[in-house]
Amino acid sequence: MTLIFRILLIVVSLFTTCYILKRIRQSKLQIEYAIFWILFSGVLIVFSVFPWLVSLFTRMIGMQLPVNFIFLLFIFVLMVKLFFMTIELSTLENKVKDLTQELALEEKERRDEQKDEAVSETAERE
Amino acid sequence: MKCLVIIPAYNEEENIVRVIESLKEHCADCDYVIINDGSADNTAGLCRRMGFELIDLPVNLGLAGAFQTGLKYAYRRGYDYAIQFDADGQHRPEFIGPMLEKIQEGYDIVIGSRFVTKKKPHSLRMLGSNLISLATWMTTGRKVKDPTSGMRIFNKKMIAEFALNLNYGPEPDTISYLLKQGATIAEVQVEMDERIAGESYLNLSRSVMYMLRMLLSILFIQNFRKRREVKVR
């Protein structure tokens, strides 16, 4: 890895961490969701500070360039993350749907009850 | 003094009746409310039939969301103290009295702790508990002997703070954060029973994730949080 690439990696990962922490500080991000990104940028920092680690893994797999190993690893990690986010999104959408239906049904049932009461009252008066 | 026992329940139809009956028996002067967290079983129907106080969430929010619902209720109704209490029968209502006495000495939070006077047994679960204690001690300089205990009392100020903010789950990392911010926390010796029916939420992979989340949160993330104090109305 070239020096410039290492510096770039360090800077990017530090920025990511700072930004995540800022959002938590402002109470905009739940800690559960921050954990992944903090670990992710942590790995990024470790790789840029100790590039021999990357070279080691690259040789173990039998790849030519350490950069390729980093690309492969991160693309894979991000794909898995994306897949799990899709599942979460789907669950979330389902919950919002259930919630909206529940609210609307409750409101309708309440109005039906009121209507029934009004009908029985007029029936009594007659 | 108004005091509310908050009982989050998820699929607890086998336990809930027994828990509520024994709670009514031992703590007649406390109000209680069950928060049904979108259970798939008949927890809500059973509570309605028995005439229990119930808030029925239409979707599943998880423990933090369900408990916060109870705290919002306590906040709106102006309760002085709120108690976090399990629906699975692990917590014993006869210890609520001593915990209430303790919090009236002026603490913000009182934890019903299994290990004030008794020693921790050696098990994998307690190793996790020790690690969390250690992390809390490292960042706050204070010792919490049973940080994972789910039996806690909160005073009026804490009710408001928990009810209105994000990232205030009823978990050890919030306790550690509040300790760091100068909240006063005490522990009272209690005994807990083993869960009688139903299944525990924690399996191995969930436990590992839980530990990872707690340790990273206590050791790292909590140092960067800004506190938003809430005015008690």
# chains A, B, ... in the order shown; residues from 1 in each chain; ligands from 1

$ residues_around --residues "segment 82-97 of chain A" --least-positions-apart "5" --cutoff "10 Å" --atoms "only C-alpha atoms" --output "ChimeraX atom specification"
/A:76-77,102 /B:58-61

$ closest_atom_pairs --of "chain B" --to "chain A" --cutoff "10 Å" --atoms "only C-alpha atoms" --output "tab-separated table"
residue	atom	partner	partner_atom	distance
B:Leu57	CA	A:Leu99	CA	9.2
B:Pro58	CA	A:Leu99	CA	6.4
B:Val59	CA	A:Lys95	CA	6.2
B:Asn60	CA	A:Lys95	CA	8.1
B:Leu61	CA	A:Lys95	CA	9.4
B:Asn165	CA	A:Ser27	CA	7.9
B:Leu166	CA	A:Ser27	CA	6.0
B:Asn167	CA	A:Gln30	CA	5.9
B:Tyr168	CA	A:Gln30	CA	9.5
B:Gly169	CA	A:Ile31	CA	9.9
B:Tyr210	CA	A:Glu32	CA	9.9
B:Leu212	CA	A:Ile35	CA	8.8
B:Arg213	CA	A:Ile35	CA	6.8
B:Met214	CA	A:Glu32	CA	9.7
B:Leu216	CA	A:Ile35	CA	7.5
B:Ser217	CA	A:Ile31	CA	7.3
B:Phe220	CA	A:Ile38	CA	9.7
B:Ile221	CA	A:Leu21	CA	7.1
B:Gln222	CA	A:Arg25	CA	9.0
B:Asn223	CA	A:Arg25	CA	9.4
B:Phe224	CA	A:Arg25	CA	6.0
B:Arg225	CA	A:Arg25	CA	4.4
B:Lys226	CA	A:Arg25	CA	5.2
B:Arg227	CA	A:Arg25	CA	8.3
B:Arg228	CA	A:Ser27	CA	9.1

$ write_last_selection --atoms "C-alpha atoms" --output "PDB file, in the first residue's frame"
ATOM      1  CA  LEU B  57     -49.081  -2.096  21.859  1.00  0.00           C
ATOM      2  CA  PRO B  58     -50.307  -3.079  18.389  1.00  0.00           C
ATOM      3  CA  VAL B  59     -46.776  -3.859  17.123  1.00  0.00           C
ATOM      4  CA  ASN B  60     -43.693  -5.277  18.815  1.00  0.00           C
ATOM      5  CA  LEU B  61     -41.298  -2.549  19.978  1.00  0.00           C
ATOM      6  CA  ASN B 165     -35.160  10.981  25.222  1.00  0.00           C
ATOM      7  CA  LEU B 166     -33.547   8.706  22.650  1.00  0.00           C
ATOM      8  CA  ASN B 167     -30.947   6.106  23.722  1.00  0.00           C
ATOM      9  CA  TYR B 168     -32.370   5.642  27.210  1.00  0.00           C
ATOM     10  CA  GLY B 169     -33.019   1.903  27.130  1.00  0.00           C
ATOM     11  CA  TYR B 210     -25.574  -8.069  23.786  1.00  0.00           C
ATOM     12  CA  LEU B 212     -20.482  -6.577  22.414  1.00  0.00           C
ATOM     13  CA  ARG B 213     -23.061  -3.818  22.306  1.00  0.00           C
ATOM     14  CA  MET B 214     -22.866  -3.120  26.037  1.00  0.00           C
ATOM     15  CA  LEU B 216     -18.559  -0.920  23.168  1.00  0.00           C
ATOM     16  CA  SER B 217     -21.328   1.369  24.337  1.00  0.00           C
ATOM     17  CA  PHE B 220     -16.572   4.160  24.053  1.00  0.00           C
ATOM     18  CA  ILE B 221     -19.852   5.648  22.878  1.00  0.00           C
ATOM     19  CA  GLN B 222     -21.223   6.906  26.212  1.00  0.00           C
ATOM     20  CA  ASN B 223     -18.201   9.225  26.609  1.00  0.00           C
ATOM     21  CA  PHE B 224     -19.415  11.333  23.721  1.00  0.00           C
ATOM     22  CA  ARG B 225     -23.065  11.767  24.620  1.00  0.00           C
ATOM     23  CA  LYS B 226     -24.464  15.139  25.519  1.00  0.00           C
ATOM     24  CA  ARG B 227     -27.055  15.171  28.267  1.00  0.00           C
ATOM     25  CA  ARG B 228     -30.379  16.814  27.766  1.00  0.00           C
TER      26      ARG B 228
END

$ residues_around --residues "Thr2 of chain A" --least-positions-apart "3" --cutoff "10 Å" --atoms "only C-alpha atoms" --output "PyMOL selection string"
chain A and resi 5-8+51+67

$ write_last_selection --atoms "C-alpha atoms" --output "PDB file, in the first residue's frame"
ATOM      1  CA  PHE A   5      -3.512   5.446   0.314  1.00  0.00           C
ATOM      2  CA  ARG A   6      -2.812   4.730   3.987  1.00  0.00           C
ATOM      3  CA  ILE A   7      -3.250   8.373   4.942  1.00  0.00           C
ATOM      4  CA  LEU A   8      -6.482   8.512   2.949  1.00  0.00           C
ATOM      5  CA  PRO A  51      -0.735  -2.600   6.454  1.00  0.00           C
ATOM      6  CA  VAL A  67      -5.818  -3.145  -2.402  1.00  0.00           C
TER       7      VAL A  67
END
